[in-house]
Amino acid sequence: MIKSRIISTGSYLPERVLTNFELEKMVDTSDEWITERTGITERRIATENQAASDLAYEASKVTLKRAALGIEDIDLIIVATVTGDMPFPSTGCILQDKLGAKYATAFDINAACSGFLYGLYIADGLIRSGMHKRILIVGTEVLSKITDWKDRTTCVLFGDGAGAVIVEPTEEDRGIISMYINSDGSMWDLLHMPGGGSRNPASRDSVDKRLHYVKMKGNELFKVAVRTLEDLVVKILNENNLKPSQLSLLIPHQANLRIIQATADRLGIPMNKVIVNLDRYGNTSAASIPIALDEAARTGRIRDGDYILLEAFGGGLTWASALIKW
Ligand code: COA
C-alpha cells in the first residue's frame with residue numbers, strides 16, 4: 001500500500017533575538033514571570049523587510065538541498081500561515097514565484113497553530129491517492145507583525161520562523177501511519193485577530209482600536225488545550241494499537257511548557273522523549289512543529305524505524321495529530 005513519507009526537513013529562524021530582559025523594558029513583565037508561566041526565555045524577530053514568504057523561501061531552500069532535489073521535482077506547494085505577506089494572493093503563490101516553481105501548484109492553509117499538520121494531512125491524502133508525487137509543505141509566521149507590543153498578556157509569547165518538509169510516496173513499511181485533524185468553531189473567539197478582513201476592514205478606527213493584533217483568552221485556551229491534547233494523543237495511539245511507551249519522540253506544538261508537561265505527564269511520557277524548543281523560539285504558530293521536527297532530525301534524535309507523534313492545538317479552535325514511523 002502506498003503511504004507518504006517525509007524525506008527532508010529544513011527551517012529558518014531570523015537572526016534577531018529578543019530576550020525576556022528586553023521585554024521587561026517594553027511592558028510591565030519580568031523574566032521570572034515569563035519563564036515560570038510559559039518556559040520561554042527568548043524568541044526570534046524578523047526584520048522590518050522580512051515577510052512570511054521570505055522566511056518560507058529560506059526554509060524551503062534548505063529542505064530541497066537536503067533532499068538533493070531541484071524545484072522542478074516539486075508538484076505542489078502548501079503554505080500554512082496566519083501572517084501571510086498580504087490578504088491575497090496566497091503566500092504559497094508568492095513563494096512559488098521566489099522558488100521558480102514552474103511545475104507546481106501552490107495554495108495556503110489557515111488553521112493557526114495546527115496549520116502545518118493540516119497541510120501534512122492534505123499532502124498525505126493527495127500522495128496516497130496518486131494525485132501528486134512530491135509536495136513541499138511550509139509553516140511560516142511573522143507573528144511579531146501582528147503582536148500588540150503594548151499587551152503584556154500576549155507579546156511575551158510569540159516569535160517568528162519557518163519550517164518545511166517534503167513528502168513523497170513510499171511502498172516501504174514506514175511513513176505517515178495515520179493523521180487526524182479536528183476543529184470546533186464555537187470557540188473561535190478565544191484566539192483571533194479581529195481587524196483586516198471583511199468584518200473589520202482596515203480603517204483609521206480599526207487601527208485606533210488596535211484590531212490588527214492578536215487577541216487571546218489565554219487562561220481558557222490553556223484548559224481546553226490540555227484536555228484536548230491528551231484525548232488526541234490517546235485516540236491516535238489506541239487506533240494504531242500503540243502504547244505511549246512505544247513512542248520514541250513526542251513533537252508538540254510549542255505554545256507553553258506547562259501545556260507540554262501536563263500532556264506528557266497525563267500520558268506517562270518522560271520529558272526526555274519530548275522535543276522542547278520554545279525556550280529559544282517562543283510560539284511560532286504554524287512554524288513550530290516543522291522547526292521542532294527539523295531540529296530533532298538534524299540532532300540525531302530520530303532514528304529510522306522510530307515511532308514519532310506530532311500534535312498541535314490552536315486558533316479556530318483547531319487541533320491535529322500525526323503518527324509517523326520514521
Ligand atoms: N507579565 C506579568 N504578569 C502577567 C503577564 C506578563 N507577561 N501576562 C499576564 N500577567 C498577569 C495577569 O494580568 C494576571 O494578573 P491578575 O491575577 O492580577 O489578573 C496573572 O498574570 C495571571 O494571568 P493568567 O492569564 O491567569 O496567567 P496564566 O497562568 O494562564 O498564563 C498564558 C498566561 C497566556 C501564558 C497561558 O494562559 C497560556 O499559555 N495559555 C495558552 C496559550 C495557548 O495555548 N495558545 C493556543 C495555542 S497557540
# chains A, B, ... in the order shown; residues from 1 in each chain; ligands from 1
$ select_by_dssp --residues "region 89-271 of chain A" --states "helix (DSSP H, G or I)" --output "count of residues only"
82
$ residues_near_ligand --ligand "ligand 1" --cutoff "9 Å" --atoms "only C-alpha atoms and all ligand atoms" --output "PyMOL selection string"
chain A and resi 23-24+27-34+36-39+112-114+151-158+190-191+216-226+253-259+283-286+312-315+317
$ write_last_selection --atoms "N, CA and C atoms" --output "compact mmCIF listing (two decimals), in the first residue's frame"
# COMPACT_ATOMS: atom_id res chain seq x y z
N LEU A 23 12.13 42.53 27.02
CA LEU A 23 10.67 42.73 27.17
C LEU A 23 10.34 43.44 28.48
N GLU A 24 11.19 43.20 29.50
CA GLU A 24 10.98 43.89 30.80
C GLU A 24 10.99 45.41 30.62
N VAL A 27 7.24 46.29 28.46
CA VAL A 27 5.94 46.18 29.14
C VAL A 27 6.18 45.80 30.61
N ASP A 28 5.09 45.85 31.40
CA ASP A 28 5.19 45.53 32.83
C ASP A 28 5.23 44.00 33.00
N THR A 29 6.43 43.44 32.85
CA THR A 29 6.59 41.98 32.98
C THR A 29 7.96 41.69 33.57
N SER A 30 8.26 40.41 33.78
CA SER A 30 9.58 40.06 34.29
C SER A 30 10.03 38.75 33.66
N ASP A 31 11.34 38.59 33.58
CA ASP A 31 11.90 37.33 33.06
C ASP A 31 11.35 36.17 33.88
N GLU A 32 11.26 36.38 35.21
CA GLU A 32 10.79 35.32 36.10
C GLU A 32 9.36 34.89 35.75
N TRP A 33 8.46 35.87 35.56
CA TRP A 33 7.06 35.54 35.24
C TRP A 33 6.99 34.77 33.91
N ILE A 34 7.68 35.28 32.90
CA ILE A 34 7.59 34.66 31.57
C ILE A 34 8.14 33.23 31.63
N GLU A 36 8.56 31.20 34.25
CA GLU A 36 7.74 30.29 35.07
C GLU A 36 6.42 29.93 34.42
N ARG A 37 5.75 30.92 33.82
CA ARG A 37 4.41 30.67 33.28
C ARG A 37 4.40 30.08 31.89
N THR A 38 5.52 30.28 31.15
CA THR A 38 5.49 29.82 29.74
C THR A 38 6.66 28.91 29.36
N GLY A 39 7.82 29.06 30.03
CA GLY A 39 9.02 28.32 29.64
C GLY A 39 9.85 29.04 28.58
N ALA A 112 -4.24 28.27 11.90
CA ALA A 112 -3.44 28.81 13.00
C ALA A 112 -2.33 27.83 13.39
N CYS A 113 -2.20 27.54 14.68
CA CYS A 113 -1.06 26.73 15.13
C CYS A 113 -1.13 25.29 14.63
N SER A 114 -2.30 24.84 14.19
CA SER A 114 -2.42 23.48 13.64
C SER A 114 -2.17 23.47 12.13
N ASP A 151 0.70 44.94 24.90
CA ASP A 151 -0.14 43.99 25.65
C ASP A 151 0.73 42.88 26.25
N ARG A 152 0.98 43.00 27.55
CA ARG A 152 1.91 42.04 28.18
C ARG A 152 1.36 40.61 28.19
N THR A 153 0.03 40.47 28.06
CA THR A 153 -0.54 39.12 28.13
C THR A 153 -0.30 38.32 26.85
N THR A 154 0.05 38.99 25.76
CA THR A 154 0.33 38.24 24.52
C THR A 154 1.75 38.46 23.98
N CYS A 155 2.31 39.67 24.18
CA CYS A 155 3.56 39.97 23.46
C CYS A 155 4.75 39.14 23.92
N VAL A 156 4.64 38.52 25.08
CA VAL A 156 5.77 37.73 25.57
C VAL A 156 5.77 36.32 24.97
N LEU A 157 4.70 35.97 24.24
CA LEU A 157 4.51 34.57 23.85
C LEU A 157 5.06 34.19 22.48
N PHE A 158 5.03 35.14 21.54
CA PHE A 158 5.21 34.75 20.14
C PHE A 158 6.59 35.03 19.56
N LEU A 190 -11.62 32.67 21.25
CA LEU A 190 -10.56 32.54 22.27
C LEU A 190 -9.21 33.01 21.74
N LEU A 191 -9.05 32.94 20.42
CA LEU A 191 -7.77 33.35 19.81
C LEU A 191 -8.05 33.84 18.40
N MET A 216 -6.24 37.19 22.70
CA MET A 216 -6.25 35.82 23.22
C MET A 216 -6.81 35.75 24.64
N LYS A 217 -7.68 34.74 24.87
CA LYS A 217 -8.10 34.45 26.24
C LYS A 217 -7.26 33.27 26.71
N GLY A 218 -6.06 33.59 27.17
CA GLY A 218 -5.03 32.58 27.41
C GLY A 218 -5.42 31.51 28.41
N ASN A 219 -6.04 31.97 29.49
CA ASN A 219 -6.37 31.04 30.57
C ASN A 219 -7.40 29.99 30.13
N GLU A 220 -8.44 30.45 29.40
CA GLU A 220 -9.47 29.50 28.91
C GLU A 220 -8.86 28.54 27.90
N LEU A 221 -8.02 29.09 27.02
CA LEU A 221 -7.36 28.25 26.00
C LEU A 221 -6.52 27.16 26.64
N PHE A 222 -5.81 27.57 27.68
CA PHE A 222 -4.91 26.65 28.38
C PHE A 222 -5.65 25.38 28.80
N LYS A 223 -6.83 25.59 29.41
CA LYS A 223 -7.59 24.43 29.93
C LYS A 223 -8.07 23.54 28.79
N VAL A 224 -8.60 24.16 27.73
CA VAL A 224 -9.09 23.36 26.60
C VAL A 224 -7.92 22.61 25.96
N ALA A 225 -6.77 23.29 25.85
CA ALA A 225 -5.60 22.70 25.18
C ALA A 225 -5.16 21.42 25.90
N VAL A 226 -5.01 21.50 27.22
CA VAL A 226 -4.50 20.33 27.96
C VAL A 226 -5.45 19.15 27.80
N HIS A 253 3.24 21.03 19.42
CA HIS A 253 3.26 22.46 19.13
C HIS A 253 3.81 23.19 20.35
N GLN A 254 4.64 24.19 20.11
CA GLN A 254 5.35 24.86 21.20
C GLN A 254 4.61 26.13 21.62
N ALA A 255 3.58 25.98 22.48
CA ALA A 255 2.83 27.16 22.94
C ALA A 255 3.22 27.52 24.37
N ASN A 256 3.30 26.50 25.22
CA ASN A 256 3.55 26.77 26.64
C ASN A 256 4.14 25.50 27.25
N LEU A 257 5.26 25.64 27.95
CA LEU A 257 5.91 24.47 28.53
C LEU A 257 4.99 23.73 29.49
N ARG A 258 4.13 24.49 30.20
CA ARG A 258 3.24 23.83 31.17
C ARG A 258 2.20 22.97 30.44
N ILE A 259 1.75 23.40 29.25
CA ILE A 259 0.81 22.59 28.47
C ILE A 259 1.52 21.31 28.02
N ASN A 283 6.35 30.81 20.78
CA ASN A 283 5.30 30.16 19.98
C ASN A 283 5.35 30.73 18.56
N THR A 284 5.73 29.89 17.60
CA THR A 284 5.81 30.35 16.21
C THR A 284 4.64 29.81 15.39
N SER A 285 3.54 29.50 16.06
CA SER A 285 2.29 29.09 15.41
C SER A 285 2.53 27.97 14.38
N ALA A 286 2.14 28.18 13.13
CA ALA A 286 2.21 27.10 12.13
C ALA A 286 3.64 26.63 11.87
N ALA A 312 -0.75 19.23 17.58
CA ALA A 312 -0.89 20.68 17.61
C ALA A 312 -2.28 21.09 18.06
N PHE A 313 -2.36 22.32 18.57
CA PHE A 313 -3.61 22.88 19.04
C PHE A 313 -3.55 24.38 18.80
N GLY A 314 -4.61 24.96 18.28
CA GLY A 314 -4.53 26.40 18.03
C GLY A 314 -5.86 27.05 17.72
N GLY A 315 -5.77 28.30 17.24
CA GLY A 315 -6.95 29.11 16.96
C GLY A 315 -7.89 28.43 15.98
N LEU A 317 -11.33 26.91 17.10
CA LEU A 317 -10.14 26.17 17.52
C LEU A 317 -9.87 25.01 16.56
$ atom_distance --atom1 "CA of Glu239 (chain A)" --atom2 "CA of Ala123 (chain A)"
21.1 Å
$ atom_distance --atom1 "CA of Asn240 (chain A)" --atom2 "CA of Gly185 (chain A)"
27.8 Å
$ residues_around --residues "region 263-266 of chain A" --least-positions-apart "5" --cutoff "10 Å" --atoms "only C-alpha atoms" --output "ChimeraX atom specification"
/A:225-231,233,244,250,252,257-258,271,273-274
$ residues_around --residues "region 85-99 of chain A" --least-positions-apart "2" --cutoff "10 Å" --atoms "only C-alpha atoms" --output "compact mmCIF listing (two decimals) with all heavy atoms, in the first residue's frame"
# COMPACT_ATOMS: atom_id res chain seq x y z
N GLN A 50 11.29 41.64 6.21
CA GLN A 50 11.00 40.21 6.00
C GLN A 50 9.52 39.92 6.19
O GLN A 50 8.94 40.26 7.23
CB GLN A 50 11.80 39.35 6.99
CG GLN A 50 13.23 39.09 6.56
CD GLN A 50 13.97 38.26 7.60
OE1 GLN A 50 13.89 38.49 8.80
NE2 GLN A 50 14.72 37.28 7.12
N ALA A 51 8.94 39.24 5.21
CA ALA A 51 7.55 38.78 5.31
C ALA A 51 7.55 37.25 5.34
O ALA A 51 8.60 36.61 5.20
CB ALA A 51 6.74 39.30 4.12
N ALA A 52 6.35 36.68 5.50
CA ALA A 52 6.25 35.22 5.66
C ALA A 52 6.89 34.46 4.51
O ALA A 52 7.54 33.43 4.72
CB ALA A 52 4.78 34.83 5.80
N SER A 53 6.73 34.96 3.28
CA SER A 53 7.29 34.22 2.13
C SER A 53 8.82 34.24 2.14
O SER A 53 9.45 33.31 1.61
CB SER A 53 6.77 34.78 0.80
OG SER A 53 7.30 36.07 0.59
N ASP A 54 9.42 35.29 2.73
CA ASP A 54 10.89 35.34 2.78
C ASP A 54 11.44 34.27 3.71
O ASP A 54 12.43 33.60 3.41
CB ASP A 54 11.35 36.73 3.26
CG ASP A 54 10.88 37.84 2.34
OD1 ASP A 54 11.03 37.68 1.12
OD2 ASP A 54 10.33 38.84 2.84
N LEU A 55 10.77 34.10 4.86
CA LEU A 55 11.20 33.06 5.81
C LEU A 55 10.95 31.68 5.19
O LEU A 55 11.78 30.77 5.28
CB LEU A 55 10.43 33.18 7.13
CG LEU A 55 10.97 34.18 8.17
CD1 LEU A 55 11.12 35.57 7.62
CD2 LEU A 55 10.09 34.20 9.41
N ALA A 56 9.78 31.55 4.54
CA ALA A 56 9.41 30.27 3.90
C ALA A 56 10.43 29.91 2.82
O ALA A 56 10.80 28.75 2.67
CB ALA A 56 8.02 30.38 3.30
N TYR A 57 10.88 30.92 2.07
CA TYR A 57 11.85 30.68 0.99
C TYR A 57 13.14 30.11 1.55
O TYR A 57 13.68 29.12 1.02
CB TYR A 57 12.11 32.01 0.26
CG TYR A 57 13.19 31.94 -0.78
CD1 TYR A 57 13.02 31.17 -1.92
CD2 TYR A 57 14.37 32.66 -0.62
CE1 TYR A 57 14.01 31.11 -2.90
CE2 TYR A 57 15.37 32.60 -1.59
CZ TYR A 57 15.18 31.82 -2.72
OH TYR A 57 16.18 31.75 -3.66
N GLU A 58 13.64 30.69 2.65
CA GLU A 58 14.89 30.20 3.24
C GLU A 58 14.73 28.75 3.72
O GLU A 58 15.59 27.91 3.48
CB GLU A 58 15.32 31.10 4.42
CG GLU A 58 15.61 32.55 4.05
CD GLU A 58 16.74 32.71 3.04
OE1 GLU A 58 17.63 31.84 3.00
OE2 GLU A 58 16.72 33.69 2.27
N SER A 60 12.58 26.55 2.70
CA SER A 60 12.34 25.66 1.54
C SER A 60 13.65 25.32 0.84
O SER A 60 13.88 24.18 0.44
CB SER A 60 11.40 26.33 0.53
OG SER A 60 10.19 26.65 1.14
N LYS A 61 14.52 26.34 0.69
CA LYS A 61 15.81 26.11 0.01
C LYS A 61 16.61 25.03 0.72
O LYS A 61 17.16 24.13 0.09
CB LYS A 61 16.63 27.42 0.01
CG LYS A 61 16.38 28.27 -1.22
CD LYS A 61 17.45 29.32 -1.42
CE LYS A 61 17.79 30.11 -0.18
NZ LYS A 61 18.66 31.25 -0.36
N GLY A 70 15.69 19.40 -7.04
CA GLY A 70 15.52 20.74 -7.61
C GLY A 70 14.05 21.11 -7.49
O GLY A 70 13.20 20.25 -7.27
N ILE A 71 13.77 22.39 -7.69
CA ILE A 71 12.38 22.83 -7.52
C ILE A 71 11.47 22.19 -8.58
O ILE A 71 10.27 22.01 -8.36
CB ILE A 71 12.29 24.39 -7.52
CG1 ILE A 71 10.90 24.84 -7.08
CG2 ILE A 71 12.67 24.99 -8.86
CD1 ILE A 71 10.47 24.41 -5.71
N GLU A 72 12.05 21.80 -9.73
CA GLU A 72 11.23 21.15 -10.77
C GLU A 72 10.70 19.79 -10.32
O GLU A 72 9.80 19.23 -10.94
CB GLU A 72 12.01 21.03 -12.09
CG GLU A 72 13.25 20.15 -12.06
CD GLU A 72 14.47 20.77 -11.35
OE1 GLU A 72 14.41 21.95 -10.96
OE2 GLU A 72 15.47 20.05 -11.18
N LEU A 76 3.56 20.31 -5.88
CA LEU A 76 2.57 21.06 -5.09
C LEU A 76 3.27 21.76 -3.92
O LEU A 76 4.16 21.16 -3.29
CB LEU A 76 1.49 20.11 -4.55
CG LEU A 76 0.34 20.75 -3.78
CD1 LEU A 76 -0.52 21.65 -4.67
CD2 LEU A 76 -0.56 19.68 -3.15
N ILE A 77 2.87 22.98 -3.66
CA ILE A 77 3.41 23.73 -2.51
C ILE A 77 2.23 24.13 -1.62
O ILE A 77 1.27 24.76 -2.10
CB ILE A 77 4.14 25.01 -2.98
CG1 ILE A 77 5.34 24.66 -3.88
CG2 ILE A 77 4.58 25.86 -1.78
CD1 ILE A 77 5.98 25.87 -4.56
N ILE A 78 2.29 23.73 -0.37
CA ILE A 78 1.24 24.11 0.59
C ILE A 78 1.89 24.96 1.68
O ILE A 78 2.87 24.53 2.31
CB ILE A 78 0.61 22.86 1.24
CG1 ILE A 78 0.02 21.93 0.16
CG2 ILE A 78 -0.48 23.27 2.23
CD1 ILE A 78 -0.56 20.62 0.72
N VAL A 79 1.36 26.15 1.87
CA VAL A 79 1.90 27.04 2.89
C VAL A 79 0.86 27.23 4.00
O VAL A 79 -0.28 27.58 3.73
CB VAL A 79 2.30 28.42 2.31
CG1 VAL A 79 2.66 29.39 3.43
CG2 VAL A 79 3.48 28.27 1.35
N ALA A 80 1.27 26.98 5.23
CA ALA A 80 0.41 27.21 6.39
C ALA A 80 0.89 28.46 7.09
O ALA A 80 2.06 28.55 7.47
CB ALA A 80 0.48 26.02 7.34
N THR A 81 -0.02 29.43 7.24
CA THR A 81 0.36 30.69 7.89
C THR A 81 -0.88 31.48 8.30
O THR A 81 -1.94 31.34 7.68
CB THR A 81 1.24 31.55 6.95
OG1 THR A 81 1.71 32.70 7.64
CG2 THR A 81 0.51 31.98 5.69
N VAL A 82 -0.75 32.29 9.36
CA VAL A 82 -1.78 33.29 9.66
C VAL A 82 -1.19 34.70 9.49
O VAL A 82 -1.85 35.69 9.79
CB VAL A 82 -2.36 33.15 11.09
CG1 VAL A 82 -3.14 31.86 11.23
CG2 VAL A 82 -1.29 33.27 12.17
N THR A 83 0.05 34.75 9.01
CA THR A 83 0.70 36.05 8.82
C THR A 83 1.26 36.15 7.40
O THR A 83 2.42 36.52 7.19
CB THR A 83 1.84 36.25 9.85
OG1 THR A 83 2.67 35.07 9.83
CG2 THR A 83 1.32 36.47 11.24
N ALA A 101 9.07 27.84 -9.07
CA ALA A 101 8.45 26.51 -9.14
C ALA A 101 7.42 26.45 -10.27
O ALA A 101 6.21 26.46 -10.04
CB ALA A 101 7.80 26.19 -7.79
N LYS A 102 7.94 26.35 -11.50
CA LYS A 102 7.08 26.43 -12.69
C LYS A 102 6.12 25.25 -12.82
O LYS A 102 5.07 25.35 -13.41
CB LYS A 102 7.95 26.49 -13.94
CG LYS A 102 8.61 27.85 -14.14
CD LYS A 102 9.03 28.03 -15.56
CE LYS A 102 10.41 27.68 -15.84
NZ LYS A 102 11.63 27.93 -15.62
N TYR A 103 6.52 24.10 -12.27
CA TYR A 103 5.71 22.89 -12.48
C TYR A 103 4.83 22.57 -11.28
O TYR A 103 4.25 21.49 -11.21
CB TYR A 103 6.62 21.70 -12.80
CG TYR A 103 7.56 22.01 -13.93
CD1 TYR A 103 8.92 22.18 -13.72
CD2 TYR A 103 7.07 22.18 -15.23
CE1 TYR A 103 9.78 22.50 -14.75
CE2 TYR A 103 7.92 22.51 -16.28
CZ TYR A 103 9.27 22.67 -16.02
OH TYR A 103 10.10 23.00 -17.05
N ALA A 104 4.75 23.48 -10.35
CA ALA A 104 3.97 23.20 -9.14
C ALA A 104 2.70 24.06 -9.11
O ALA A 104 2.58 25.05 -9.82
CB ALA A 104 4.81 23.49 -7.90
N THR A 105 1.76 23.64 -8.28
CA THR A 105 0.59 24.45 -7.92
C THR A 105 0.81 24.85 -6.46
O THR A 105 1.45 24.11 -5.72
CB THR A 105 -0.68 23.59 -8.03
OG1 THR A 105 -0.74 23.07 -9.34
CG2 THR A 105 -1.94 24.40 -7.74
N ALA A 106 0.26 26.01 -6.07
CA ALA A 106 0.50 26.46 -4.69
C ALA A 106 -0.76 27.02 -4.08
O ALA A 106 -1.57 27.65 -4.77
CB ALA A 106 1.60 27.52 -4.68
N PHE A 107 -0.94 26.78 -2.80
CA PHE A 107 -2.05 27.41 -2.06
C PHE A 107 -1.71 27.49 -0.58
O PHE A 107 -0.72 26.91 -0.13
CB PHE A 107 -3.38 26.67 -2.29
CG PHE A 107 -3.41 25.23 -1.83
CD1 PHE A 107 -3.72 24.91 -0.51
CD2 PHE A 107 -3.19 24.19 -2.73
CE1 PHE A 107 -3.77 23.59 -0.10
CE2 PHE A 107 -3.24 22.87 -2.33
CZ PHE A 107 -3.53 22.56 -1.00
N ASP A 108 -2.56 28.24 0.15
CA ASP A 108 -2.35 28.44 1.59
C ASP A 108 -3.39 27.72 2.42
O ASP A 108 -4.50 27.46 1.94
CB ASP A 108 -2.50 29.93 1.94
CG ASP A 108 -1.32 30.77 1.54
OD1 ASP A 108 -0.40 30.22 0.89
OD2 ASP A 108 -1.31 31.97 1.86
N ILE A 109 -3.03 27.49 3.67
CA ILE A 109 -3.96 26.94 4.64
C ILE A 109 -3.96 27.84 5.87
O ILE A 109 -2.90 28.24 6.33
CB ILE A 109 -3.49 25.55 5.09
CG1 ILE A 109 -3.64 24.61 3.92
CG2 ILE A 109 -4.26 25.05 6.30
CD1 ILE A 109 -3.54 23.20 4.30
N ILE A 137 5.69 21.28 1.99
CA ILE A 137 4.77 21.87 2.96
C ILE A 137 5.57 22.79 3.87
O ILE A 137 6.58 22.36 4.45
CB ILE A 137 4.08 20.79 3.82
CG1 ILE A 137 3.46 19.74 2.92
CG2 ILE A 137 3.03 21.39 4.74
CD1 ILE A 137 3.50 18.36 3.52
N VAL A 138 5.12 24.03 3.98
CA VAL A 138 5.87 25.01 4.76
C VAL A 138 4.97 25.65 5.81
O VAL A 138 3.84 26.06 5.49
CB VAL A 138 6.43 26.15 3.85
CG1 VAL A 138 7.43 27.00 4.62
CG2 VAL A 138 7.04 25.61 2.58
N THR A 140 5.04 28.95 8.08
CA THR A 140 5.85 30.17 8.18
C THR A 140 5.06 31.27 8.87
O THR A 140 3.87 31.46 8.59
CB THR A 140 6.33 30.64 6.77
OG1 THR A 140 7.12 31.81 6.93
CG2 THR A 140 5.18 30.94 5.82
N GLU A 141 5.68 31.95 9.81
CA GLU A 141 4.97 33.01 10.54
C GLU A 141 5.88 34.19 10.86
O GLU A 141 7.03 34.01 11.24
CB GLU A 141 4.44 32.47 11.88
CG GLU A 141 3.46 31.32 11.81
CD GLU A 141 2.06 31.67 11.29
OE1 GLU A 141 1.85 32.82 10.83
OE2 GLU A 141 1.18 30.80 11.35
N VAL A 142 5.31 35.38 10.70
CA VAL A 142 5.95 36.60 11.20
C VAL A 142 4.97 37.22 12.20
O VAL A 142 4.37 38.26 11.97
CB VAL A 142 6.30 37.57 10.03
CG1 VAL A 142 7.15 38.73 10.56
CG2 VAL A 142 7.09 36.84 8.95
N GLY A 196 -8.76 43.72 9.64
CA GLY A 196 -8.08 43.46 8.36
C GLY A 196 -8.87 42.60 7.40
O GLY A 196 -8.54 42.53 6.22
N GLY A 197 -9.94 41.95 7.89
CA GLY A 197 -10.78 41.14 6.99
C GLY A 197 -12.04 41.90 6.63
O GLY A 197 -12.14 43.12 6.85
$ residues_around --residues "Gly175 (chain A)" --least-positions-apart "2" --cutoff "10 Å" --atoms "only C-alpha atoms" --output "PyMOL selection string"
chain A and resi 2-7+124+167-173+177-178+305+307+323-326
$ write_last_selection --atoms "N, CA and C atoms" --output "PDB file, in the first residue's frame"
ATOM      1  N   ILE A   2       0.481   2.205  -0.827  1.00  0.00           N
ATOM      2  CA  ILE A   2       1.257   3.456  -0.889  1.00  0.00           C
ATOM      3  C   ILE A   2       1.007   4.291   0.369  1.00  0.00           C
ATOM      4  N   LYS A   3       2.093   4.759   0.950  1.00  0.00           N
ATOM      5  CA  LYS A   3       1.996   5.722   2.055  1.00  0.00           C
ATOM      6  C   LYS A   3       2.784   6.964   1.646  1.00  0.00           C
ATOM      7  N   SER A   4       2.653   8.014   2.441  1.00  0.00           N
ATOM      8  CA  SER A   4       3.522   9.159   2.175  1.00  0.00           C
ATOM      9  C   SER A   4       4.591   9.218   3.257  1.00  0.00           C
ATOM     10  N   ARG A   5       5.742   9.751   2.879  1.00  0.00           N
ATOM     11  CA  ARG A   5       6.875   9.761   3.800  1.00  0.00           C
ATOM     12  C   ARG A   5       7.567  11.124   3.730  1.00  0.00           C
ATOM     13  N   ILE A   6       7.968  11.618   4.905  1.00  0.00           N
ATOM     14  CA  ILE A   6       8.745  12.860   4.937  1.00  0.00           C
ATOM     15  C   ILE A   6      10.187  12.503   4.582  1.00  0.00           C
ATOM     16  N   ILE A   7      10.686  13.060   3.476  1.00  0.00           N
ATOM     17  CA  ILE A   7      12.043  12.694   3.043  1.00  0.00           C
ATOM     18  C   ILE A   7      13.070  13.774   3.388  1.00  0.00           C
ATOM     19  N   ASP A 124      -0.724  14.183   2.614  1.00  0.00           N
ATOM     20  CA  ASP A 124      -0.759  12.731   2.785  1.00  0.00           C
ATOM     21  C   ASP A 124      -1.875  12.128   1.919  1.00  0.00           C
ATOM     22  N   VAL A 167       7.291  15.702   1.183  1.00  0.00           N
ATOM     23  CA  VAL A 167       6.759  14.332   1.271  1.00  0.00           C
ATOM     24  C   VAL A 167       6.644  13.732  -0.120  1.00  0.00           C
ATOM     25  N   GLU A 168       6.857  12.425  -0.173  1.00  0.00           N
ATOM     26  CA  GLU A 168       6.711  11.695  -1.436  1.00  0.00           C
ATOM     27  C   GLU A 168       6.161  10.296  -1.135  1.00  0.00           C
ATOM     28  N   PRO A 169       5.717   9.558  -2.162  1.00  0.00           N
ATOM     29  CA  PRO A 169       5.145   8.230  -1.900  1.00  0.00           C
ATOM     30  C   PRO A 169       6.217   7.207  -1.543  1.00  0.00           C
ATOM     31  N   THR A 170       5.825   6.218  -0.760  1.00  0.00           N
ATOM     32  CA  THR A 170       6.716   5.099  -0.477  1.00  0.00           C
ATOM     33  C   THR A 170       5.895   3.815  -0.377  1.00  0.00           C
ATOM     34  N   GLU A 171       6.517   2.699  -0.728  1.00  0.00           N
ATOM     35  CA  GLU A 171       5.862   1.403  -0.524  1.00  0.00           C
ATOM     36  C   GLU A 171       6.529   0.663   0.618  1.00  0.00           C
ATOM     37  N   GLU A 172       7.515   1.335   1.258  1.00  0.00           N
ATOM     38  CA  GLU A 172       8.210   0.724   2.396  1.00  0.00           C
ATOM     39  C   GLU A 172       7.312   0.723   3.628  1.00  0.00           C
ATOM     40  N   ASP A 173       7.735  -0.043   4.648  1.00  0.00           N
ATOM     41  CA  ASP A 173       6.985  -0.103   5.902  1.00  0.00           C
ATOM     42  C   ASP A 173       7.390   1.072   6.801  1.00  0.00           C
ATOM     43  N   ILE A 177       1.631   7.032   9.294  1.00  0.00           N
ATOM     44  CA  ILE A 177       0.755   5.893   9.573  1.00  0.00           C
ATOM     45  C   ILE A 177      -0.694   6.353   9.673  1.00  0.00           C
ATOM     46  N   SER A 178      -0.929   7.381  10.485  1.00  0.00           N
ATOM     47  CA  SER A 178      -2.282   7.935  10.483  1.00  0.00           C
ATOM     48  C   SER A 178      -2.270   9.370  10.976  1.00  0.00           C
ATOM     49  N   GLY A 305      12.843   3.901  11.706  1.00  0.00           N
ATOM     50  CA  GLY A 305      12.006   2.907  12.391  1.00  0.00           C
ATOM     51  C   GLY A 305      11.349   3.427  13.664  1.00  0.00           C
ATOM     52  N   TYR A 307       8.876   5.389  16.128  1.00  0.00           N
ATOM     53  CA  TYR A 307       7.523   5.954  16.091  1.00  0.00           C
ATOM     54  C   TYR A 307       7.583   7.346  16.692  1.00  0.00           C
ATOM     55  N   LEU A 323       0.858  10.383  13.390  1.00  0.00           N
ATOM     56  CA  LEU A 323       1.707   9.293  13.861  1.00  0.00           C
ATOM     57  C   LEU A 323       2.569   8.846  12.681  1.00  0.00           C
ATOM     58  N   ILE A 324       3.881   8.851  12.917  1.00  0.00           N
ATOM     59  CA  ILE A 324       4.820   8.592  11.823  1.00  0.00           C
ATOM     60  C   ILE A 324       5.796   7.490  12.226  1.00  0.00           C
ATOM     61  N   LYS A 325       6.051   6.568  11.313  1.00  0.00           N
ATOM     62  CA  LYS A 325       7.176   5.643  11.506  1.00  0.00           C
ATOM     63  C   LYS A 325       8.306   6.177  10.629  1.00  0.00           C
ATOM     64  N   TRP A 326       9.376   6.592  11.272  1.00  0.00           N
ATOM     65  CA  TRP A 326      10.424   7.346  10.538  1.00  0.00           C
ATOM     66  C   TRP A 326      11.258   6.432   9.640  1.00  0.00           C
TER      67      TRP A 326
END
$ closest_residue --among "A:Leu237, A:Gly163, A:Tyr281, A:Ala59" --to "Leu18 (chain A)" --atoms "only C-alpha atoms"
A:Tyr281
$ residues_around --residues "Ile40 (chain A)" --least-positions-apart "6" --cutoff "7 Å" --atoms "only C-alpha atoms" --output "list of chain:residue names"
A:Ile34, A:Leu278, A:Asp279, A:Arg280, A:Gly282
